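Novice: Quick one: structure below, then a few questions.
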Amino acid sequence: MLAILTALLLAFPRPALAAWGDGLFPDAAGHWAAEPINFLGALDIVHGYPDGTCRPDQPLTAVEAVSLLLRSTGYSSAGNLPARPGGQMPLPTARPSVSANRGTAPAVPAGVAWAAGDLALAVEQKILLPDELQEGLLMGPAPRYLVWQLLARSLKTPLQQDAPLDFSDAVLVPEEARPAAATLAALQIIRGFPDGTLRPVDTITRAEMLALLARMVENGWLNPAPERRLDGWVQEVKQDTGRAGNPSGPAGSRGTSPGTAAARYLVTISTPTSGSKDYPMAASAAVFNVPLPTPFALENMHVLTVLNRRNELAFIKAYEPRQPGQLTVNTGTVEKVVRGRGLQLVLRDLDHDLKTYEATWATTVPGGLFALKQGQWVKVELNGAAVWNVEPLKVKKASGTIEAVEGRKLYLDKFDKELGNVFLNWDRARLSDKDGNQYTGSGGLQAGAKVEITCLDWDKVLEIKIL
């Protein structure tokens with residue numbers, strides 16, 4: 001029995017364990033495409049082989065290109081399946097994607113029947129043309145120009161028919177692929193090689209395909225699993241003693257022995273949409289651009305991260321540190337939060353002016369921007385024109401009839417048990433009607449007027465509503 005086990009181990013050797021931060025696939029560590037490979041691996045768009053590798057330099061077939069693109073668009077589920085016969089990259093489960101009441105699914109060649117669901121869906125979405133359903137084309141190595149056509153069709157935007165291709169070998173691009181190539185080049189999705197060539201008829205590798213898909217995600221043309229992609233900054237990294245299987249951790253970690261890697265870490269990430277949350281770091285997390293080989297080097301850094309299906313940080317790319325310039329402050333009530341390509345906070349200030357501020361990765365809000373309520377009082381710190389920090393304010397209210405106004409002091413007829421009946425600096429407050437709109441009446445603040453005062457304290461009046 002021992003001899004049999006030894007023979008099996010020799011026949012199917014396990015890949016070497018990756019170092020901290022090297023990521024999901026040992027053969028991608030140090031590869032020029034390590035970042036896009038791990039980014040898409042964390043999103044379940046690319047899966048490894050049973051031996052743990054991803055084989056980045058292996059030629060890609062057209063059917064693999066179709067499947068990867070479908071996963072990236074969200075049309076196809078990313079099942080964690082074993083490699084297909086013939087060394088194909090793992091693909092989602094084949095399923096009929098054109099229902100009976102929507103027409104007949106296109107005929108798929110027998111040699112690619114295992115991918116019939118994906119191919120039918122690609123034809124339905126006009127990513128693949130019906131006359132491209134040829135076994136020789138689909139199972140053969142995919143030339144770059146064919147992949148460009150697939151990517152361009154997924155954009156769902158008119159292609160540039162007559163745009164120039166400023167590459168030395170542009171003449172080699174087949175006529176039918178020129179609009180796709182020109183469109184992708186104009187969008188900086190394809191950029192050519194350092195020698196100024198495109199090499200359109202050469203076979204594309206898996207790494208090259210994944211780099212193109214990652215670029216499309218980065219530029220907003222593809223949007224896979226947005227709920228699992230976080231753009232924020234790291235507030236704190238701490239050892240997760242509840243998860244660690246060993247008190248020791250990677251070299252350079254706090255309170256650990258160098259060279260061991262069993263410890264687990266919790267990373268507190270602040271994002272403008274969700275506020276601050278703790279996320280465990282996956283054991284096979286891929287980490288890029290950190291100055292030192294330790295999780296603690298991530299603290300205070302801008303990060304783009306991807307969560308795996310277990311809600312663990314599987315991909316982390318660090319950028320610049322969070323450092324403010326000269327901060328300014330504005331106080332007011334939340335008018336609304338706008339979500340488009342970015343996030344904006346609309347604030348009604350103490351002059352009743354509406355101010356629109358951009359939120360960025362560095363914006364910190366307890367609970368996130370979408371936890372703010374319309375009419376909620378906040379103090380906003382601004383780094384230039386961008387929101388740096390939002391602090392919800394705990395306000396107090398008092399109401400009554402104005403007894404007198406003397407200089408900067410306002411007297412009410414009723415004595416509030418917490419605030420009293422004297423309010424200082426009333427002239428700095430926002431003057432509103434009973435509905436919260438800017439007061440336009442002629443009476444103003446005078447004795448006998450009924451009012452509601454909103455303040456932080458008796459000497460920090462924010463708003464006076466004339467009822």
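We label chains A, B, ... in the order they appear in the structure tokens, count residues from 1 in each chain, and number ligands from 1 in the order shown.
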Leaving out Leu159 (chain A) and any residue of its chain fewer than 5 positions from it, which residues lie within 7 Å of it when counting only C-alpha atoms, given as a PDB file with N, CA, C and O atoms, in the first residue's frame?
Specialist:
ATOM      1  N   PRO A 179     -13.113  46.936 -37.716  1.00  0.00           N
ATOM      2  CA  PRO A 179     -13.923  47.791 -36.823  1.00  0.00           C
ATOM      3  C   PRO A 179     -13.766  47.409 -35.346  1.00  0.00           C
ATOM      4  O   PRO A 179     -13.687  48.294 -34.487  1.00  0.00           O
ATOM      5  N   ALA A 180     -13.721  46.115 -35.059  1.00  0.00           N
ATOM      6  CA  ALA A 180     -13.538  45.684 -33.667  1.00  0.00           C
ATOM      7  C   ALA A 180     -12.179  46.119 -33.142  1.00  0.00           C
ATOM      8  O   ALA A 180     -12.067  46.649 -32.023  1.00  0.00           O
ATOM      9  N   THR A 183     -12.078  49.915 -32.611  1.00  0.00           N
ATOM     10  CA  THR A 183     -12.879  50.324 -31.453  1.00  0.00           C
ATOM     11  C   THR A 183     -12.147  50.009 -30.154  1.00  0.00           C
ATOM     12  O   THR A 183     -12.071  50.857 -29.245  1.00  0.00           O
TER      13      THR A 183
END
Novice: Find the residues around region 25-34 of chain A up to 10 Å (only C-alpha atoms counted), leave out those fewer than 5 positions away in its own chain, and share them as a VMD selection string.
Specialist: chain A and resid 15 to 19 39 41 47 to 49 51 to 57 206 to 211 284 286 288
Novice: Only C-alpha atoms, please: the residues just picked out, written as an mmCIF file, in the first residue's frame.
Specialist:
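File out_37.cif, as written:
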data_model
loop_
_atom_site.group_PDB
_atom_site.id
_atom_site.type_symbol
_atom_site.label_atom_id
_atom_site.label_comp_id
_atom_site.auth_asym_id
_atom_site.auth_seq_id
_atom_site.Cartn_x
_atom_site.Cartn_y
_atom_site.Cartn_z
ATOM 1 C CA PRO A 15 2.587 22.368 -6.691
ATOM 2 C CA ALA A 16 4.833 24.172 -4.245
ATOM 3 C CA LEU A 17 3.049 26.288 -1.658
ATOM 4 C CA ALA A 18 2.920 29.949 -2.627
ATOM 5 C CA ALA A 19 4.533 32.581 -0.438
ATOM 6 C CA PHE A 39 -8.232 39.473 -9.904
ATOM 7 C CA GLY A 41 -9.654 34.220 -10.176
ATOM 8 C CA HIS A 47 -10.575 28.486 -12.315
ATOM 9 C CA GLY A 48 -7.492 26.413 -11.797
ATOM 10 C CA TYR A 49 -6.773 22.851 -12.856
ATOM 11 C CA ASP A 51 -3.084 20.407 -9.844
ATOM 12 C CA GLY A 52 -3.698 24.010 -8.699
ATOM 13 C CA THR A 53 -2.201 25.680 -11.775
ATOM 14 C CA CYS A 54 -3.782 28.059 -14.283
ATOM 15 C CA ARG A 55 -1.265 27.605 -17.139
ATOM 16 C CA PRO A 56 -1.179 31.271 -18.155
ATOM 17 C CA ASP A 57 1.015 30.851 -21.245
ATOM 18 C CA ARG A 206 -4.820 32.625 -21.502
ATOM 19 C CA ALA A 207 -2.873 35.334 -19.700
ATOM 20 C CA GLU A 208 -3.406 37.798 -22.552
ATOM 21 C CA MET A 209 -7.150 37.110 -22.596
ATOM 22 C CA LEU A 210 -7.431 37.611 -18.855
ATOM 23 C CA ALA A 211 -5.469 40.858 -19.069
ATOM 24 C CA SER A 284 -4.409 32.235 -0.648
ATOM 25 C CA ALA A 286 -3.099 37.728 -3.804
ATOM 26 C CA PHE A 288 0.033 43.582 -4.942
#
Novice: In region 184-427 of chain A, what's strand (DSSP E or B) per DSSP? Answer as a PyMOL selection string?
Specialist: chain A and resi 203+205+229-239+265-271+275-288+301-307+313-321+327-339+343-349+354-364+377-383+386-392+396-406+409-416+420-424
Novice: Could you pull the residues within 12 Å of Tyr145 (chain A), counting only C-alpha atoms, minus those fewer than 5 positions along the same chain, as a PyMOL selection string?
Specialist: chain A and resi 62+150-152+170+172-182+184+190+198-204+209
Novice: Once you have the residues from the selection above, write them out as a tab-separated table (two decimals), in the first residue's frame, restricted to N, CA and C atoms.
Specialist:
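This went into result.tsv:
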chain	number	residue	atom	x	y	z
A	62	ALA	N	-11.05	29.18	-28.95
A	62	ALA	CA	-12.15	30.13	-29.12
A	62	ALA	C	-13.29	29.84	-28.16
A	150	LEU	N	-15.08	39.18	-30.53
A	150	LEU	CA	-15.95	38.77	-29.43
A	150	LEU	C	-16.07	39.88	-28.38
A	151	LEU	N	-14.94	40.47	-28.01
A	151	LEU	CA	-14.94	41.52	-26.99
A	151	LEU	C	-15.72	42.74	-27.48
A	152	ALA	N	-15.50	43.13	-28.74
A	152	ALA	CA	-16.17	44.32	-29.27
A	152	ALA	C	-17.67	44.13	-29.33
A	170	ALA	N	-0.87	46.67	-38.95
A	170	ALA	CA	-2.33	46.78	-39.03
A	170	ALA	C	-2.88	46.15	-40.30
A	172	LEU	N	-2.34	43.39	-41.43
A	172	LEU	CA	-2.59	41.96	-41.23
A	172	LEU	C	-3.94	41.70	-40.56
A	173	VAL	N	-4.61	42.74	-40.06
A	173	VAL	CA	-5.92	42.56	-39.44
A	173	VAL	C	-6.94	42.27	-40.54
A	174	PRO	N	-7.64	41.13	-40.48
A	174	PRO	CA	-8.65	40.83	-41.50
A	174	PRO	C	-9.69	41.94	-41.59
A	175	GLU	N	-10.20	42.17	-42.78
A	175	GLU	CA	-11.12	43.29	-43.01
A	175	GLU	C	-12.32	43.23	-42.08
A	176	GLU	N	-12.87	42.03	-41.87
A	176	GLU	CA	-14.07	41.93	-41.03
A	176	GLU	C	-13.78	42.23	-39.56
A	177	ALA	N	-12.50	42.19	-39.15
A	177	ALA	CA	-12.14	42.43	-37.75
A	177	ALA	C	-11.63	43.85	-37.52
A	178	ARG	N	-11.46	44.64	-38.57
A	178	ARG	CA	-10.90	45.98	-38.40
A	178	ARG	C	-11.77	46.89	-37.54
A	179	PRO	N	-13.11	46.94	-37.72
A	179	PRO	CA	-13.92	47.79	-36.82
A	179	PRO	C	-13.77	47.41	-35.35
A	180	ALA	N	-13.72	46.11	-35.06
A	180	ALA	CA	-13.54	45.68	-33.67
A	180	ALA	C	-12.18	46.12	-33.14
A	181	ALA	N	-11.13	45.90	-33.93
A	181	ALA	CA	-9.78	46.28	-33.50
A	181	ALA	C	-9.68	47.78	-33.29
A	182	ALA	N	-10.23	48.56	-34.23
A	182	ALA	CA	-10.17	50.02	-34.11
A	182	ALA	C	-10.93	50.52	-32.88
A	184	LEU	N	-11.61	48.81	-30.04
A	184	LEU	CA	-10.90	48.43	-28.81
A	184	LEU	C	-9.63	49.24	-28.63
A	190	ILE	N	-7.14	47.32	-26.21
A	190	ILE	CA	-5.93	46.73	-26.78
A	190	ILE	C	-4.94	47.86	-27.03
A	198	LEU	N	0.50	44.68	-33.45
A	198	LEU	CA	-0.69	44.07	-32.85
A	198	LEU	C	-0.63	42.54	-32.90
A	199	ARG	N	0.05	42.00	-33.88
A	199	ARG	CA	0.16	40.55	-34.09
A	199	ARG	C	-1.23	39.90	-34.12
A	200	PRO	N	-2.09	40.36	-35.02
A	200	PRO	CA	-3.49	39.95	-34.99
A	200	PRO	C	-3.75	38.49	-35.30
A	201	VAL	N	-2.88	37.85	-36.09
A	201	VAL	CA	-3.15	36.46	-36.47
A	201	VAL	C	-2.48	35.47	-35.53
A	202	ASP	N	-1.68	35.94	-34.59
A	202	ASP	CA	-1.05	35.05	-33.62
A	202	ASP	C	-2.10	34.55	-32.63
A	203	THR	N	-1.85	33.38	-32.07
A	203	THR	CA	-2.77	32.82	-31.07
A	203	THR	C	-2.67	33.60	-29.76
A	204	ILE	N	-3.81	33.88	-29.18
A	204	ILE	CA	-3.83	34.57	-27.89
A	204	ILE	C	-3.63	33.54	-26.77
A	209	MET	N	-5.69	36.98	-22.64
A	209	MET	CA	-7.15	37.11	-22.60
A	209	MET	C	-7.60	37.67	-21.26
Novice: When you look at Pro130 (chain A) with a cut-off of 10 Å (counting only C-alpha atoms), what residues show up, excluding the ones that are within fewer than 2 positions of it in the same chain? I need them as a list in words.
Specialist: Pro106, Ala107, Val108, Leu119, Ala120, Ala122, Val123, Glu124, Lys126, Ile127, Leu128, Glu132, Leu133 and Gln134 of chain A
Novice: Using DSSP on the backbone coordinates, identify the residues of region 121-277 of chain A assigned to alpha helix (DSSP H); present them as JSON, numbers by chain.
Specialist: {"A": [121, 122, 123, 124, 135, 136, 137, 138, 139, 144, 145, 146, 147, 148, 149, 150, 151, 152, 153, 154, 178, 179, 180, 181, 182, 183, 184, 185, 186, 206, 207, 208, 209, 210, 211, 212, 213, 214, 215, 216, 217, 218]}
Novice: Given only C-alpha atoms as the basis, pick out the residue of A:Trp458, A:Leu213, A:Ala318, A:Pro36 nearest to Leu155 (chain A).
Specialist: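 Selected residue with least distance to Leu155 (chain A): A:Leu213.
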Novice: Tell me which protein, DNA and RNA residues are within 10 Å of region 334-337 of chain A, counting only C-alpha atoms, leaving out same-chain ones fewer than 4 positions away, and put them as a PDB file with N, CA and C atoms, in the first residue's frame.
Specialist:
ATOM      1  N   LEU A 343     -20.037  58.578  -6.758  1.00  0.00           N
ATOM      2  CA  LEU A 343     -20.971  58.903  -5.686  1.00  0.00           C
ATOM      3  C   LEU A 343     -20.874  60.383  -5.367  1.00  0.00           C
ATOM      4  N   GLN A 344     -22.023  61.002  -5.102  1.00  0.00           N
ATOM      5  CA  GLN A 344     -22.060  62.411  -4.738  1.00  0.00           C
ATOM      6  C   GLN A 344     -22.957  62.598  -3.526  1.00  0.00           C
ATOM      7  N   LEU A 345     -22.552  63.511  -2.664  1.00  0.00           N
ATOM      8  CA  LEU A 345     -23.360  63.913  -1.515  1.00  0.00           C
ATOM      9  C   LEU A 345     -23.857  65.331  -1.746  1.00  0.00           C
ATOM     10  N   VAL A 346     -25.165  65.505  -1.691  1.00  0.00           N
ATOM     11  CA  VAL A 346     -25.755  66.840  -1.840  1.00  0.00           C
ATOM     12  C   VAL A 346     -26.142  67.327  -0.452  1.00  0.00           C
ATOM     13  N   LEU A 347     -25.585  68.459  -0.058  1.00  0.00           N
ATOM     14  CA  LEU A 347     -25.752  69.010   1.290  1.00  0.00           C
ATOM     15  C   LEU A 347     -26.466  70.358   1.218  1.00  0.00           C
ATOM     16  N   ARG A 348     -27.422  70.580   2.109  1.00  0.00           N
ATOM     17  CA  ARG A 348     -28.040  71.902   2.276  1.00  0.00           C
ATOM     18  C   ARG A 348     -27.339  72.582   3.449  1.00  0.00           C
ATOM     19  N   ASP A 349     -26.590  73.640   3.154  1.00  0.00           N
ATOM     20  CA  ASP A 349     -25.765  74.256   4.205  1.00  0.00           C
ATOM     21  C   ASP A 349     -26.558  75.264   5.022  1.00  0.00           C
ATOM     22  N   LEU A 354     -27.453  74.621  -1.820  1.00  0.00           N
ATOM     23  CA  LEU A 354     -27.212  73.207  -2.070  1.00  0.00           C
ATOM     24  C   LEU A 354     -25.799  73.030  -2.605  1.00  0.00           C
ATOM     25  N   LYS A 355     -25.013  72.225  -1.913  1.00  0.00           N
ATOM     26  CA  LYS A 355     -23.632  71.957  -2.288  1.00  0.00           C
ATOM     27  C   LYS A 355     -23.504  70.487  -2.687  1.00  0.00           C
ATOM     28  N   THR A 356     -22.874  70.228  -3.818  1.00  0.00           N
ATOM     29  CA  THR A 356     -22.665  68.861  -4.291  1.00  0.00           C
ATOM     30  C   THR A 356     -21.187  68.524  -4.184  1.00  0.00           C
ATOM     31  N   TYR A 357     -20.900  67.457  -3.444  1.00  0.00           N
ATOM     32  CA  TYR A 357     -19.519  67.052  -3.214  1.00  0.00           C
ATOM     33  C   TYR A 357     -19.309  65.621  -3.712  1.00  0.00           C
ATOM     34  N   ALA A 359     -17.728  61.938  -3.596  1.00  0.00           N
ATOM     35  CA  ALA A 359     -17.175  60.958  -2.659  1.00  0.00           C
ATOM     36  C   ALA A 359     -16.123  60.126  -3.384  1.00  0.00           C
ATOM     37  N   LEU A 369     -22.462  56.016   2.997  1.00  0.00           N
ATOM     38  CA  LEU A 369     -23.286  57.136   2.543  1.00  0.00           C
ATOM     39  C   LEU A 369     -24.765  56.785   2.482  1.00  0.00           C
ATOM     40  N   PHE A 370     -25.074  55.542   2.116  1.00  0.00           N
ATOM     41  CA  PHE A 370     -26.471  55.183   1.955  1.00  0.00           C
ATOM     42  C   PHE A 370     -27.178  54.937   3.285  1.00  0.00           C
ATOM     43  N   ALA A 371     -26.441  55.009   4.381  1.00  0.00           N
ATOM     44  CA  ALA A 371     -27.067  54.956   5.699  1.00  0.00           C
ATOM     45  C   ALA A 371     -27.563  56.336   6.133  1.00  0.00           C
ATOM     46  N   LEU A 372     -27.131  57.382   5.421  1.00  0.00           N
ATOM     47  CA  LEU A 372     -27.577  58.737   5.760  1.00  0.00           C
ATOM     48  C   LEU A 372     -29.025  58.946   5.336  1.00  0.00           C
ATOM     49  N   LYS A 373     -29.752  59.711   6.102  1.00  0.00           N
ATOM     50  CA  LYS A 373     -31.162  59.983   5.831  1.00  0.00           C
ATOM     51  C   LYS A 373     -31.335  61.429   5.373  1.00  0.00           C
ATOM     52  N   GLN A 374     -32.316  61.640   4.501  1.00  0.00           N
ATOM     53  CA  GLN A 374     -32.613  63.002   4.074  1.00  0.00           C
ATOM     54  C   GLN A 374     -33.006  63.845   5.286  1.00  0.00           C
ATOM     55  N   GLY A 375     -32.414  65.025   5.376  1.00  0.00           N
ATOM     56  CA  GLY A 375     -32.688  65.913   6.496  1.00  0.00           C
ATOM     57  C   GLY A 375     -31.797  65.698   7.704  1.00  0.00           C
ATOM     58  N   GLN A 376     -30.920  64.684   7.660  1.00  0.00           N
ATOM     59  CA  GLN A 376     -30.035  64.400   8.789  1.00  0.00           C
ATOM     60  C   GLN A 376     -28.925  65.450   8.857  1.00  0.00           C
ATOM     61  N   TRP A 377     -28.643  65.912  10.065  1.00  0.00           N
ATOM     62  CA  TRP A 377     -27.587  66.900  10.250  1.00  0.00           C
ATOM     63  C   TRP A 377     -26.224  66.206  10.277  1.00  0.00           C
ATOM     64  N   VAL A 378     -25.277  66.789   9.537  1.00  0.00           N
ATOM     65  CA  VAL A 378     -23.935  66.215   9.455  1.00  0.00           C
ATOM     66  C   VAL A 378     -22.899  67.339   9.395  1.00  0.00           C
ATOM     67  N   LYS A 379     -21.706  66.996   9.846  1.00  0.00           N
ATOM     68  CA  LYS A 379     -20.540  67.853   9.631  1.00  0.00           C
ATOM     69  C   LYS A 379     -19.676  67.172   8.592  1.00  0.00           C
ATOM     70  N   PRO A 392     -22.090  62.263  11.429  1.00  0.00           N
ATOM     71  CA  PRO A 392     -23.487  62.530  11.805  1.00  0.00           C
ATOM     72  C   PRO A 392     -23.529  63.268  13.145  1.00  0.00           C
TER      73      PRO A 392
END
Novice: Nearest to Ala385 (chain A) among A:Asp278, A:Glu358, A:Asp413, A:Asp44, with distances taken over only C-alpha atoms: which residue is it?
Specialist: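 Once distances to Ala385 (chain A) are computed over only C-alpha atoms, the minimum belongs to A:Glu358.
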Novice: Can you tell me, as a PyMOL selection string, what residues are no more than 7 Å from Leu424 (chain A) when counting only C-alpha atoms, ignoring any on the same chain fewer than 3 positions away?
Specialist: chain A and resi 408-410+458-460
Novice: List the spatial neighbours of Lys396 (chain A) as a PDB file with C-alpha atoms, in the first residue's frame - criterion: any atom at most 8 Å away, only C-alpha atoms, same-chain residues fewer than 5 positions off excluded.
Specialist:
ATOM      1  CA  THR A 454     -32.228  72.817  16.363  1.00  0.00           C
ATOM      2  CA  CYS A 455     -28.802  72.992  17.974  1.00  0.00           C
ATOM      3  CA  LEU A 456     -25.816  71.066  19.248  1.00  0.00           C
ATOM      4  CA  ASP A 457     -25.996  73.030  22.492  1.00  0.00           C
TER       5      ASP A 457
END
Novice: Taking into account only C-alpha atoms, which residue in the set A:Met216, A:Val171, A:Val451, A:Leu70 is nearest to Ile189 (chain A)?
Specialist: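 Distance minimum relative to Ile189 (chain A) lands on A:Met216.
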Novice: My list of candidates is A:Gln323, A:Gln239, A:Asn311, A:Thr360. Which is closest to Glu227 (chain A) when distances are computed with only C-alpha atoms?
Specialist: A:Asn311
Novice: Go ahead and compute the interatomic distance for CA of Gly384 (chain A) and CA of Ala429 (chain A), in Å to one decimal.
Specialist: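 Interatomic distance, CA of Gly384 (chain A) to CA of Ala429 (chain A): 24.5 Å.
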